[in-house]
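Asks: My file is coords.tsv. It has TSV, C-alpha atoms:
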```tsv
chain	number	residue	atom	x	y	z
I	1	MET	CA	0.00	0.00	0.00
I	2	ASN	CA	1.47	3.34	-0.92
I	3	ARG	CA	1.58	6.36	1.32
I	4	ARG	CA	-1.15	8.36	-0.43
I	5	LEU	CA	-3.64	5.48	-0.24
I	6	ARG	CA	-2.92	5.01	3.46
I	7	ILE	CA	-3.40	8.73	4.21
I	8	GLY	CA	-6.67	8.64	2.26
I	9	LEU	CA	-7.86	5.63	4.24
I	10	PHE	CA	-6.92	7.34	7.49
I	11	LEU	CA	-8.74	10.57	6.57
I	12	GLY	CA	-11.89	8.59	5.72
I	13	GLY	CA	-11.73	6.73	9.04
I	14	ALA	CA	-11.00	9.93	10.96
I	15	ALA	CA	-14.03	11.66	9.43
I	16	LEU	CA	-16.21	8.70	10.42
I	17	LEU	CA	-14.78	8.75	13.97
I	18	ALA	CA	-15.37	12.51	14.27
I	19	GLY	CA	-19.01	12.09	13.27
I	20	MET	CA	-19.53	9.27	15.76
I	21	LEU	CA	-17.82	11.22	18.59
I	22	VAL	CA	-20.06	14.24	18.02
I	23	ALA	CA	-23.15	12.01	18.04
I	24	ALA	CA	-21.93	10.19	21.18
I	25	VAL	CA	-21.20	13.35	23.20
I	26	GLY	CA	-24.74	14.55	22.53
I	27	ASP	CA	-26.18	11.47	24.18
I	28	LEU	CA	-23.95	11.35	27.28
I	29	PRO	CA	-25.50	11.94	30.71
I	30	GLY	CA	-24.75	15.42	32.03
I	31	PHE	CA	-21.48	15.57	33.97
I	32	GLY	CA	-22.10	15.17	37.69
I	33	HIS	CA	-25.58	13.67	37.32
I	34	TYR	CA	-24.84	10.02	36.55
I	35	PRO	CA	-28.15	8.14	36.79
I	36	GLY	CA	-26.62	4.62	36.84
I	37	PRO	CA	-28.90	2.47	39.03
I	38	TYR	CA	-26.26	-0.12	39.97
I	39	GLY	CA	-23.89	2.39	41.54
I	40	ILE	CA	-26.69	3.85	43.68
I	41	LEU	CA	-27.84	0.38	44.72
I	42	ILE	CA	-24.30	-0.66	45.71
I	43	GLU	CA	-23.78	2.65	47.52
I	44	GLU	CA	-26.88	1.99	49.63
I	45	THR	CA	-26.43	-1.74	50.31
I	46	GLY	CA	-22.75	-2.47	49.59
I	47	VAL	CA	-21.26	-2.07	53.08
I	48	ALA	CA	-24.04	-4.06	54.74
I	49	GLY	CA	-23.99	-6.69	51.99
I	50	THR	CA	-20.26	-7.40	51.85
I	51	SER	CA	-18.74	-5.80	55.00
I	52	ALA	CA	-16.19	-4.15	52.69
I	53	THR	CA	-15.77	-0.42	53.30
I	54	ASP	CA	-13.97	-0.02	49.95
I	55	LEU	CA	-16.89	-0.34	47.55
I	56	VAL	CA	-14.61	-0.56	44.48
I	57	THR	CA	-13.10	-3.74	45.91
I	58	ALA	CA	-16.60	-4.97	46.83
I	59	VAL	CA	-17.64	-4.53	43.18
I	60	ASN	CA	-14.51	-6.21	41.80
I	61	PHE	CA	-14.31	-9.18	44.14
I	62	ASP	CA	-17.94	-9.77	45.10
I	63	TYR	CA	-20.56	-8.29	42.76
I	64	ARG	CA	-18.42	-8.65	39.64
I	65	ALA	CA	-16.08	-11.42	40.86
I	66	PHE	CA	-16.88	-13.57	37.84
I	67	ASP	CA	-15.84	-10.77	35.46
I	68	THR	CA	-12.72	-10.18	37.52
I	69	MET	CA	-11.83	-13.85	37.04
I	70	GLY	CA	-12.07	-13.25	33.28
I	71	GLU	CA	-9.86	-10.20	33.67
I	72	GLU	CA	-7.36	-12.21	35.68
I	73	PHE	CA	-7.16	-14.85	32.97
I	74	ILE	CA	-6.68	-12.13	30.33
I	75	LEU	CA	-3.55	-11.18	32.25
I	76	PHE	CA	-2.54	-14.84	32.55
I	77	ALA	CA	-3.03	-15.46	28.83
I	78	ALA	CA	-1.21	-12.29	27.83
I	79	VAL	CA	1.85	-13.19	29.92
I	80	LEU	CA	1.78	-16.66	28.36
I	81	GLY	CA	1.64	-14.96	24.96
I	82	VAL	CA	4.67	-12.78	25.75
I	83	ALA	CA	6.61	-15.84	26.92
I	84	ILE	CA	5.76	-17.61	23.65
I	85	VAL	CA	6.58	-14.63	21.41
I	86	LEU	CA	9.92	-14.13	23.21
I	87	ARG	CA	10.86	-17.82	23.28
I	88	ARG	CA	14.37	-18.70	22.23
I	89	ARG	CA	14.36	-19.13	18.49
I	90	ARG	CA	16.57	-21.13	16.21
I	91	GLY	CA	19.94	-19.42	15.98
I	92	GLU	CA	19.76	-18.01	19.50
I	93	ARG	CA	21.51	-19.24	22.58
I	94	ALA	CA	21.42	-18.31	26.24
I	95	GLU	CA	24.54	-16.66	27.55
I	96	ASP	CA	25.84	-17.85	30.92
I	97	GLU	CA	24.63	-15.55	33.64
I	98	ARG	CA	27.98	-14.33	34.82
I	99	GLY	CA	27.12	-12.18	37.80
I	100	ASP	CA	29.14	-8.99	37.69
I	101	ASP	CA	29.00	-8.57	33.93
I	102	HIS	CA	25.42	-7.41	34.12
I	103	HIS	CA	25.97	-4.06	35.84
I	104	PHE	CA	24.49	-1.10	34.00
I	105	PRO	CA	26.78	1.73	32.94
I	106	GLY	CA	26.66	4.21	35.79
I	107	SER	CA	25.56	1.75	38.44
I	108	SER	CA	27.59	1.88	41.63
I	109	SER	CA	27.83	-0.06	44.88
I	110	ALA	CA	26.00	2.82	46.64
I	111	LEU	CA	23.09	2.50	44.18
I	112	GLY	CA	23.08	-1.26	44.63
I	113	ALA	CA	23.04	-0.97	48.44
I	114	LEU	CA	20.20	1.58	48.36
I	115	GLY	CA	18.20	-0.62	45.98
I	116	LEU	CA	18.64	-3.72	48.12
I	117	ALA	CA	17.75	-1.72	51.26
I	118	LEU	CA	14.47	-0.65	49.61
I	119	VAL	CA	13.40	-4.21	48.73
I	120	GLY	CA	12.08	-4.97	52.24
I	121	PRO	CA	10.04	-1.78	52.82
I	122	VAL	CA	8.48	-1.95	49.32
I	123	PHE	CA	7.58	-5.59	49.88
I	124	VAL	CA	5.86	-4.68	53.18
I	125	LEU	CA	3.98	-1.85	51.43
I	126	GLY	CA	2.83	-4.26	48.72
I	127	ALA	CA	1.67	-6.83	51.28
I	128	TYR	CA	-0.21	-4.06	53.14
I	129	VAL	CA	-1.97	-2.88	49.97
I	130	VAL	CA	-2.93	-6.46	49.02
I	131	THR	CA	-4.31	-7.42	52.43
I	132	HIS	CA	-6.22	-4.18	53.20
I	133	GLY	CA	-8.09	-3.96	49.89
I	134	GLN	CA	-11.45	-4.53	51.56
I	135	ILE	CA	-10.99	-1.56	53.94
I	136	THR	CA	-9.07	1.17	52.07
I	137	PRO	CA	-8.13	1.74	48.41
I	138	GLY	CA	-5.99	-1.09	47.15
I	139	GLY	CA	-6.32	-4.81	46.63
I	140	GLY	CA	-4.75	-7.64	44.69
I	141	PHE	CA	-4.15	-5.88	41.37
I	142	GLN	CA	-2.60	-2.73	42.82
I	143	GLY	CA	-0.68	-4.48	45.61
I	144	GLY	CA	0.54	-7.20	43.25
I	145	VAL	CA	2.27	-4.61	41.08
I	146	VAL	CA	3.90	-3.06	44.19
I	147	LEU	CA	5.10	-6.54	45.27
I	148	ALA	CA	6.61	-7.09	41.83
I	149	ALA	CA	8.26	-3.66	42.04
I	150	ALA	CA	10.07	-4.78	45.22
I	151	ALA	CA	12.06	-7.28	43.15
I	152	LEU	CA	12.34	-4.89	40.20
I	153	ILE	CA	14.13	-2.32	42.43
I	154	ALA	CA	16.99	-4.79	42.89
I	155	PHE	CA	17.16	-5.19	39.11
I	156	LEU	CA	17.07	-1.42	38.49
I	157	ALA	CA	19.87	-0.91	41.01
I	158	GLY	CA	22.07	-3.07	38.81
I	159	GLU	CA	21.90	-6.14	41.04
I	160	TYR	CA	20.75	-8.55	38.34
I	161	VAL	CA	21.94	-11.58	40.30
I	162	ALA	CA	20.09	-10.42	43.43
I	163	PHE	CA	16.97	-9.97	41.28
I	164	LYS	CA	17.27	-13.58	40.17
I	165	VAL	CA	17.71	-14.68	43.81
I	166	ILE	CA	14.69	-12.68	45.04
I	167	ALA	CA	12.52	-13.78	42.11
I	168	PRO	CA	13.71	-17.12	40.70
I	169	HIS	CA	12.02	-18.02	37.44
I	170	ALA	CA	10.44	-21.26	38.68
I	171	MET	CA	8.97	-19.58	41.78
I	172	VAL	CA	7.57	-16.68	39.75
I	173	GLU	CA	5.91	-19.06	37.29
I	174	ALA	CA	4.51	-21.21	40.10
I	175	GLY	CA	3.23	-18.11	41.94
I	176	GLU	CA	1.45	-16.84	38.85
I	177	ALA	CA	-0.25	-20.18	38.21
I	178	ALA	CA	-1.13	-20.76	41.89
I	179	GLY	CA	-2.62	-17.26	42.21
I	180	ALA	CA	-4.80	-17.69	39.13
I	181	ALA	CA	-5.94	-21.14	40.31
I	182	GLY	CA	-6.53	-19.82	43.85
I	183	PHE	CA	-8.97	-17.17	42.67
I	184	ALA	CA	-10.89	-19.72	40.58
I	185	LEU	CA	-10.98	-22.02	43.63
I	186	VAL	CA	-12.57	-19.24	45.72
I	187	GLY	CA	-15.31	-19.15	43.07
I	188	LEU	CA	-15.69	-22.92	43.20
I	189	GLY	CA	-15.87	-22.71	47.01
I	190	GLY	CA	-18.89	-20.45	46.61
I	191	LEU	CA	-20.47	-23.01	44.29
I	192	ILE	CA	-19.85	-25.85	46.76
I	193	PHE	CA	-20.66	-24.14	50.08
I	194	ALA	CA	-23.28	-21.57	49.07
I	195	GLY	CA	-24.69	-22.91	45.82
I	196	THR	CA	-23.58	-20.04	43.56
I	197	PHE	CA	-20.28	-19.52	41.77
I	198	PHE	CA	-18.34	-16.81	43.66
I	199	ALA	CA	-20.96	-16.56	46.43
I	200	ASN	CA	-19.37	-15.13	49.57
I	201	PHE	CA	-19.39	-18.26	51.73
I	202	ILE	CA	-17.29	-17.09	54.72
I	203	ALA	CA	-18.63	-15.06	57.67
I	204	LEU	CA	-18.60	-11.36	56.76
I	205	GLY	CA	-17.34	-9.99	60.09
I	206	THR	CA	-17.37	-6.31	61.15
I	207	PRO	CA	-16.95	-3.69	58.40
I	208	GLY	CA	-13.55	-2.00	58.71
I	209	SER	CA	-11.80	-4.81	60.54
I	210	PHE	CA	-8.85	-6.68	59.01
I	211	LEU	CA	-10.56	-10.07	58.84
I	212	SER	CA	-13.84	-8.92	57.37
I	213	SER	CA	-15.69	-9.32	54.07
I	214	GLY	CA	-15.53	-13.13	53.89
I	215	THR	CA	-13.87	-14.33	50.68
I	216	ILE	CA	-12.78	-10.87	49.47
I	217	PRO	CA	-9.39	-10.82	51.30
I	218	ILE	CA	-8.68	-14.38	50.13
I	219	SER	CA	-9.46	-13.41	46.53
I	220	ASN	CA	-7.24	-10.35	46.91
I	221	LEU	CA	-4.38	-12.46	48.20
I	222	ALA	CA	-4.68	-14.90	45.29
I	223	VAL	CA	-4.89	-12.10	42.73
I	224	GLY	CA	-2.00	-10.26	44.40
I	225	ILE	CA	0.27	-13.30	44.07
I	226	GLU	CA	-0.83	-13.84	40.46
I	227	VAL	CA	-0.28	-10.21	39.43
I	228	ALA	CA	3.12	-10.05	41.14
I	229	GLY	CA	4.14	-13.29	39.39
I	230	ALA	CA	2.79	-12.10	36.04
I	231	PHE	CA	4.67	-8.80	36.10
I	232	LEU	CA	7.90	-10.38	37.32
I	233	LEU	CA	7.64	-12.95	34.54
I	234	LEU	CA	7.12	-10.16	31.98
I	235	TRP	CA	10.14	-8.22	33.22
I	236	THR	CA	12.26	-11.37	33.32
I	237	GLU	CA	11.33	-12.18	29.71
I	238	PHE	CA	12.19	-8.65	28.52
I	239	SER	CA	15.40	-8.32	30.52
I	240	ASP	CA	16.55	-11.75	29.33
I	241	GLN	CA	16.20	-10.48	25.76
I	242	ALA	CA	18.72	-7.75	26.53
I	243	LEU	CA	21.02	-9.56	28.95
I	244	VAL	CA	20.96	-13.29	28.34
I	245	VAL	CA	19.77	-14.21	24.84
I	246	ARG	CA	22.47	-13.90	22.17
I	247	SER	CA	22.45	-14.82	18.51
I	248	LYS	CA	24.84	-17.63	17.69
S	249	MET	CA	-19.99	23.64	30.93
S	250	THR	CA	-21.11	20.11	31.60
S	251	VAL	CA	-19.50	18.34	28.64
S	252	PHE	CA	-16.01	19.68	29.39
S	253	PRO	CA	-14.64	16.47	31.04
S	254	PHE	CA	-15.80	14.45	28.04
S	255	LEU	CA	-14.09	16.89	25.68
S	256	VAL	CA	-10.87	16.28	27.65
S	257	ALA	CA	-11.30	12.53	27.01
S	258	ILE	CA	-11.81	13.16	23.28
S	259	TRP	CA	-8.79	15.47	23.22
S	260	ILE	CA	-6.57	12.76	24.75
S	261	LEU	CA	-8.03	10.18	22.33
S	262	CYS	CA	-7.22	12.37	19.32
S	263	TRP	CA	-3.64	13.05	20.45
S	264	GLY	CA	-3.09	9.32	20.96
S	265	LEU	CA	-4.49	8.51	17.52
S	266	TYR	CA	-2.36	11.25	15.95
S	267	GLY	CA	0.70	9.69	17.60
S	268	ILE	CA	-0.21	6.23	16.30
S	269	VAL	CA	-0.72	7.25	12.67
S	270	SER	CA	2.37	9.47	12.57
S	271	SER	CA	4.61	7.05	14.46
S	272	ARG	CA	8.04	6.13	13.09
S	273	ASN	CA	8.90	3.71	15.89
S	274	LEU	CA	6.99	0.66	17.13
S	275	VAL	CA	7.84	1.34	20.81
S	276	HIS	CA	6.62	4.93	20.42
S	277	LEU	CA	3.49	3.51	18.78
S	278	VAL	CA	2.76	1.27	21.80
S	279	ILE	CA	3.13	4.27	24.14
S	280	CYS	CA	0.72	6.25	21.93
S	281	LEU	CA	-1.78	3.40	22.19
S	282	GLY	CA	-1.45	3.74	25.98
S	283	VAL	CA	-2.23	7.47	25.68
S	284	THR	CA	-5.28	6.64	23.54
S	285	GLN	CA	-6.48	4.20	26.15
S	286	ALA	CA	-5.95	6.78	28.92
S	287	ALA	CA	-8.86	8.65	27.32
S	288	THR	CA	-11.13	5.79	28.38
S	289	TYR	CA	-10.08	6.22	32.05
S	290	VAL	CA	-11.04	9.91	31.91
S	291	LEU	CA	-14.31	9.04	30.15
S	292	LEU	CA	-15.24	6.32	32.68
S	293	LEU	CA	-14.44	8.42	35.74
S	294	GLY	CA	-16.19	11.42	34.14
S	295	VAL	CA	-19.33	9.39	33.44
S	296	GLY	CA	-19.49	8.08	37.02
S	297	TYR	CA	-18.93	11.41	38.78
S	298	ARG	CA	-21.76	12.79	40.88
S	299	ASN	CA	-21.72	16.41	42.03
S	300	GLY	CA	-20.46	16.66	45.60
S	301	GLY	CA	-19.80	12.92	45.83
S	302	ALA	CA	-16.94	11.59	47.94
S	303	ALA	CA	-14.69	8.64	46.99
S	304	PRO	CA	-16.63	5.36	47.40
S	305	ILE	CA	-14.61	4.33	50.47
S	306	TYR	CA	-16.62	4.16	53.68
S	307	ALA	CA	-13.63	3.47	55.94
S	308	ASP	CA	-13.70	6.95	57.50
S	309	ILE	CA	-16.89	8.68	56.32
S	310	ALA	CA	-20.49	8.37	57.53
S	311	GLU	CA	-22.58	5.72	55.81
S	312	SER	CA	-25.09	8.31	54.62
S	313	THR	CA	-22.44	10.27	52.64
S	314	MET	CA	-23.11	10.45	48.91
S	315	VAL	CA	-20.28	8.93	46.88
S	316	VAL	CA	-19.38	8.76	43.19
S	317	ASP	CA	-20.32	5.60	41.25
S	318	PRO	CA	-18.13	2.65	42.37
S	319	VAL	CA	-19.01	0.48	39.34
S	320	VAL	CA	-17.27	2.66	36.75
S	321	GLN	CA	-14.25	2.94	39.06
S	322	ALA	CA	-14.03	-0.85	39.12
S	323	LEU	CA	-14.29	-0.82	35.32
S	324	ALA	CA	-11.40	1.66	35.16
S	325	LEU	CA	-9.29	-0.86	37.12
S	326	VAL	CA	-10.13	-3.55	34.55
S	327	ASP	CA	-9.16	-1.05	31.86
S	328	VAL	CA	-5.73	-0.43	33.41
S	329	VAL	CA	-5.00	-4.18	33.62
S	330	VAL	CA	-6.00	-4.73	29.99
S	331	GLU	CA	-3.85	-1.80	28.89
S	332	ALA	CA	-0.82	-3.28	30.67
S	333	THR	CA	-1.30	-6.68	29.01
S	334	VAL	CA	-1.83	-5.20	25.53
S	335	SER	CA	1.33	-3.07	25.90
S	336	ALA	CA	3.36	-6.07	27.05
S	337	LEU	CA	2.27	-8.24	24.12
S	338	LEU	CA	2.87	-5.49	21.54
S	339	LEU	CA	6.30	-4.68	22.99
S	340	ALA	CA	7.22	-8.37	22.76
S	341	VAL	CA	6.20	-8.33	19.09
S	342	ALA	CA	8.31	-5.16	18.61
S	343	VAL	CA	11.35	-6.94	20.10
S	344	GLN	CA	10.94	-9.85	17.67
S	345	THR	CA	10.33	-7.46	14.75
S	346	HIS	CA	13.63	-5.74	15.49
S	347	LYS	CA	15.44	-9.07	15.62
S	348	ARG	CA	13.98	-10.31	12.36
S	349	PHE	CA	13.94	-7.19	10.20
S	350	GLY	CA	16.55	-5.01	11.93
S	351	THR	CA	14.19	-2.04	12.11
S	352	ILE	CA	11.20	-0.90	14.15
S	353	ASP	CA	10.11	1.85	11.75
S	354	PRO	CA	6.66	0.79	10.51
S	355	ASP	CA	7.32	2.51	7.17
S	356	GLU	CA	10.29	0.25	6.46
S	357	LEU	CA	8.31	-2.91	7.17
S	358	HIS	CA	6.93	-2.96	3.63
S	359	SER	CA	5.55	-6.43	3.27
S	360	LEU	CA	5.36	-9.62	5.24
S	361	ARG	CA	8.19	-12.03	4.63
S	362	GLY	CA	7.81	-15.70	5.45
```
Will you turn the file into structure tokens for me?
Replies:
Amino acid sequence: MNRRLRIGLFLGGAALLAGMLVAAVGDLPGFGHYPGPYGILIEETGVAGTSATDLVTAVNFDYRAFDTMGEEFILFAAVLGVAIVLRRRRGERAEDERGDDHHFPGSSSALGALGLALVGPVFVLGAYVVTHGQITPGGGFQGGVVLAAAALIAFLAGEYVAFKVIAPHAMVEAGEAAGAAGFALVGLGGLIFAGTFFANFIALGTPGSFLSSGTIPISNLAVGIEVAGAFLLLWTEFSDQALVVRSK
Amino acid sequence: MTVFPFLVAIWILCWGLYGIVSSRNLVHLVICLGVTQAATYVLLLGVGYRNGGAAPIYADIAESTMVVDPVVQALALVDVVVEATVSALLLAVAVQTHKRFGTIDPDELHSLRG
């Protein structure tokens, strides 16, 4: 396709999009007056119904838990896809991981020490965000990324070997799979103990307390482990492309 | 002006699309797709906003407080996760494109080679 044809195609599509956007804006609800019935219903009954004081988490892991499972498996499938696309191809070999050769230009022992010192606090922060999702903003998806960042800090500080020690490939893969399976098992538990897939089958407890909201904290924990594993696996795949895989 | 937040979403969408069609680098193109998708976050949160509403977190506010719609906020979270996965897959394809063709300029990738 030549350039002129492509520009023509784009201009046609852009004109169509512009027309549709103008029509869509005309039909939007006025800003600040959203009439959505589900939000109002959850606002009125959500805390009593789930014991979660964070209604966004209540929606994600109780009312829409089934959709969240789909979302979780999108992430799982996408990471699998990246691993397949970046697999070692014919004519490529893995270089031996010789520790000190992997320092970035400009990395120093001070940077490495600071990075390693931050691993613990960031891990604690991630664990806090994962486990308090039912009370305050946070949950498995957000906290999982923070947990993965704890290991990534070691990598960014130039401590590639330490990164591999903190997040060994086999453990990351197992964590991702176990987290995904764990969330599906919570759904199956609802089917077995309460008769409905993803029904909240554990005592709800007092709103605002750490062990409240029944299955929601368990779901958050499973998703947190899966998300942390998924992101670490992604970063390992990409960093291996730069640091380990060489053409023969 | 009550449509202003939606115009912001359209503005971000158009800048992202402009970046995609004028891109000369596949990594830049993936970032532009992320910008385009950011418009959907603004749209979702704009749609769910209610005048005077607080964040839908009842940890430290009275239960009678009016809050903004929690459903669209949950949808925005789904949106963020999907955006991350799409970016990761496309960047992986960009890495392999560079290995195979030695370029990541879309204009130089004329035709598919087996």
Asks: Residues of chain I were defined as contacting chain S if any atom lay at most 7 Å from it, counting only C-alpha atoms; please report them as number ranges by chain.
Replies: I: 30-34, 39, 53-56, 59-60, 71, 75, 78, 81-82, 85-86, 135-136, 208
Asks: Do you know which residues lie at most 12 Å from (-17.4, -8.9, 58.6), with coordinates as in the file and only C-alpha atoms counted, and could you write them as a PyMOL selection string?
Replies: chain I and resi 47-53+134-135+200-217
Asks: Would you compute the distance between atom CA of I:Gly143 and atom CA of S:Leu261? Give it in Å to one decimal.
Replies: 28.5 Å
Asks: Name the closest residue to I:Glu72 among the candidates I:Gly140, I:Gly175, I:Gly189, I:Pro35; distances are taken between atoms, counting all atoms listed in the file.
Replies: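 When distances to I:Glu72 are compared using all atoms listed in the file, the smallest one comes from I:Gly140.
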Asks: Between atom CA of I:Ala170 and atom CA of I:Val145, what distance in Å does the model show, to one decimal?
Replies: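 Rounded to one decimal, the two atoms are 18.7 Å apart.
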Asks: To one decimal place in Å, what is the distance between atom CA of I:Pro37 and atom CA of I:Ala58?
Replies: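 The value is 16.4 Å.
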Asks: Under the rule that only C-alpha atoms are counted, which of I:Pro137, I:Gly115, I:Gly91, I:Gly195 is the nearest residue to S:Arg348?
Replies: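 The closest residue to S:Arg348 is I:Gly91.
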Asks: Can you tell me which residues surround I:Ser107 at a distance of at most 8 Å, considering all atoms listed in the file, apart from same-chain residues fewer than 5 positions away, and format the answer as number ranges by chain?
Replies: I: 112, 157-158
Asks: Could you give me, as an MDAnalysis selection string, the residues within 9 Å of I:Ser219, counting all atoms listed in the file and dropping anything in the same chain fewer than 2 positions from it?
Replies: chainID I and resid 61 65 140 179 182:184 186:187 215:217 221:224
Asks: Which residues are near stretch 277-286 of chain S? Cut-off 6 Å, all atoms listed in the file, ignore same chain within fewer than 2 positions. Put them as a PDB file with C-alpha atoms, in the frame of the given file.
Replies:
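The file below, part_28.pdb, is the result:
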```pdb
ATOM      1  CA  LEU S 261      -8.030  10.180  22.330  1.00  0.00           C
ATOM      2  CA  GLY S 264      -3.090   9.320  20.960  1.00  0.00           C
ATOM      3  CA  GLY S 267       0.700   9.690  17.600  1.00  0.00           C
ATOM      4  CA  ILE S 268      -0.210   6.230  16.300  1.00  0.00           C
ATOM      5  CA  SER S 271       4.610   7.050  14.460  1.00  0.00           C
ATOM      6  CA  LEU S 274       6.990   0.660  17.130  1.00  0.00           C
ATOM      7  CA  VAL S 275       7.840   1.340  20.810  1.00  0.00           C
ATOM      8  CA  THR S 288     -11.130   5.790  28.380  1.00  0.00           C
ATOM      9  CA  TYR S 289     -10.080   6.220  32.050  1.00  0.00           C
TER      10      TYR S 289
END
```
Asks: I:Glu226, I:Arg87, I:Glu92, I:Leu233: which is nearest I:Ala151, counting only C-alpha atoms?
Replies: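 Ranking I:Glu226, I:Arg87, I:Glu92, I:Leu233 by distance to I:Ala151, first place goes to I:Leu233.
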Asks: Mind checking which residues fall within 12 Å of I:Phe163, counting only C-alpha atoms, ignoring those fewer than 3 positions away in the same chain, and posting them as a VMD selection string?
Replies: chain I and resid 99 102 112 115 to 116 119 148 to 160 166 to 169 172 232 to 233 235 to 236 239
Asks: Would you kindly place N, CA and C atoms on stretch 175-194 of chain I and return the model as an mmCIF file, in the frame of the given file?
Replies:
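The resulting rebuild35.cif:
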```cif
data_model
loop_
_atom_site.group_PDB
_atom_site.id
_atom_site.type_symbol
_atom_site.label_atom_id
_atom_site.label_comp_id
_atom_site.auth_asym_id
_atom_site.auth_seq_id
_atom_site.Cartn_x
_atom_site.Cartn_y
_atom_site.Cartn_z
ATOM 1 N N GLY I 175 4.072 -19.090 41.259
ATOM 2 C CA GLY I 175 3.230 -18.110 41.940
ATOM 3 C C GLY I 175 2.113 -17.619 41.046
ATOM 4 N N GLU I 176 2.456 -17.333 39.780
ATOM 5 C CA GLU I 176 1.450 -16.840 38.850
ATOM 6 C C GLU I 176 0.332 -17.879 38.677
ATOM 7 N N ALA I 177 0.745 -19.128 38.448
ATOM 8 C CA ALA I 177 -0.250 -20.180 38.210
ATOM 9 C C ALA I 177 -1.084 -20.426 39.464
ATOM 10 N N ALA I 178 -0.413 -20.473 40.646
ATOM 11 C CA ALA I 178 -1.130 -20.760 41.890
ATOM 12 C C ALA I 178 -2.124 -19.642 42.206
ATOM 13 N N GLY I 179 -1.718 -18.378 41.951
ATOM 14 C CA GLY I 179 -2.620 -17.260 42.210
ATOM 15 C C GLY I 179 -3.859 -17.333 41.341
ATOM 16 N N ALA I 180 -3.660 -17.603 40.041
ATOM 17 C CA ALA I 180 -4.800 -17.690 39.130
ATOM 18 C C ALA I 180 -5.726 -18.834 39.549
ATOM 19 N N ALA I 181 -5.128 -19.987 39.888
ATOM 20 C CA ALA I 181 -5.940 -21.140 40.310
ATOM 21 C C ALA I 181 -6.648 -20.825 41.622
ATOM 22 N N GLY I 182 -5.941 -20.132 42.559
ATOM 23 C CA GLY I 182 -6.530 -19.820 43.850
ATOM 24 C C GLY I 182 -7.809 -19.013 43.734
ATOM 25 N N PHE I 183 -7.789 -18.015 42.836
ATOM 26 C CA PHE I 183 -8.970 -17.170 42.670
ATOM 27 C C PHE I 183 -10.133 -17.991 42.103
ATOM 28 N N ALA I 184 -9.828 -18.870 41.131
ATOM 29 C CA ALA I 184 -10.890 -19.720 40.580
ATOM 30 C C ALA I 184 -11.430 -20.657 41.651
ATOM 31 N N LEU I 185 -10.536 -21.124 42.565
ATOM 32 C CA LEU I 185 -10.980 -22.020 43.630
ATOM 33 C C LEU I 185 -11.917 -21.306 44.606
ATOM 34 N N VAL I 186 -11.657 -20.005 44.862
ATOM 35 C CA VAL I 186 -12.570 -19.240 45.720
ATOM 36 C C VAL I 186 -13.963 -19.252 45.100
ATOM 37 N N GLY I 187 -14.015 -19.087 43.763
ATOM 38 C CA GLY I 187 -15.310 -19.150 43.070
ATOM 39 C C GLY I 187 -15.954 -20.509 43.225
ATOM 40 N N LEU I 188 -15.160 -21.564 43.062
ATOM 41 C CA LEU I 188 -15.690 -22.920 43.200
ATOM 42 C C LEU I 188 -16.171 -23.161 44.626
ATOM 43 N N GLY I 189 -15.447 -22.594 45.618
ATOM 44 C CA GLY I 189 -15.870 -22.710 47.010
ATOM 45 C C GLY I 189 -17.274 -22.156 47.194
ATOM 46 N N GLY I 190 -17.548 -21.012 46.554
ATOM 47 C CA GLY I 190 -18.890 -20.450 46.610
ATOM 48 C C GLY I 190 -19.925 -21.397 46.046
ATOM 49 N N LEU I 191 -19.539 -22.060 44.930
ATOM 50 C CA LEU I 191 -20.470 -23.010 44.290
ATOM 51 C C LEU I 191 -20.755 -24.186 45.217
ATOM 52 N N ILE I 192 -19.689 -24.657 45.917
ATOM 53 C CA ILE I 192 -19.850 -25.850 46.760
ATOM 54 C C ILE I 192 -20.577 -25.507 48.059
ATOM 55 N N PHE I 193 -20.146 -24.402 48.737
ATOM 56 C CA PHE I 193 -20.660 -24.140 50.080
ATOM 57 C C PHE I 193 -21.899 -23.252 50.102
ATOM 58 N N ALA I 194 -22.123 -22.473 49.047
ATOM 59 C CA ALA I 194 -23.280 -21.570 49.070
ATOM 60 C C ALA I 194 -24.171 -21.737 47.851
#
```
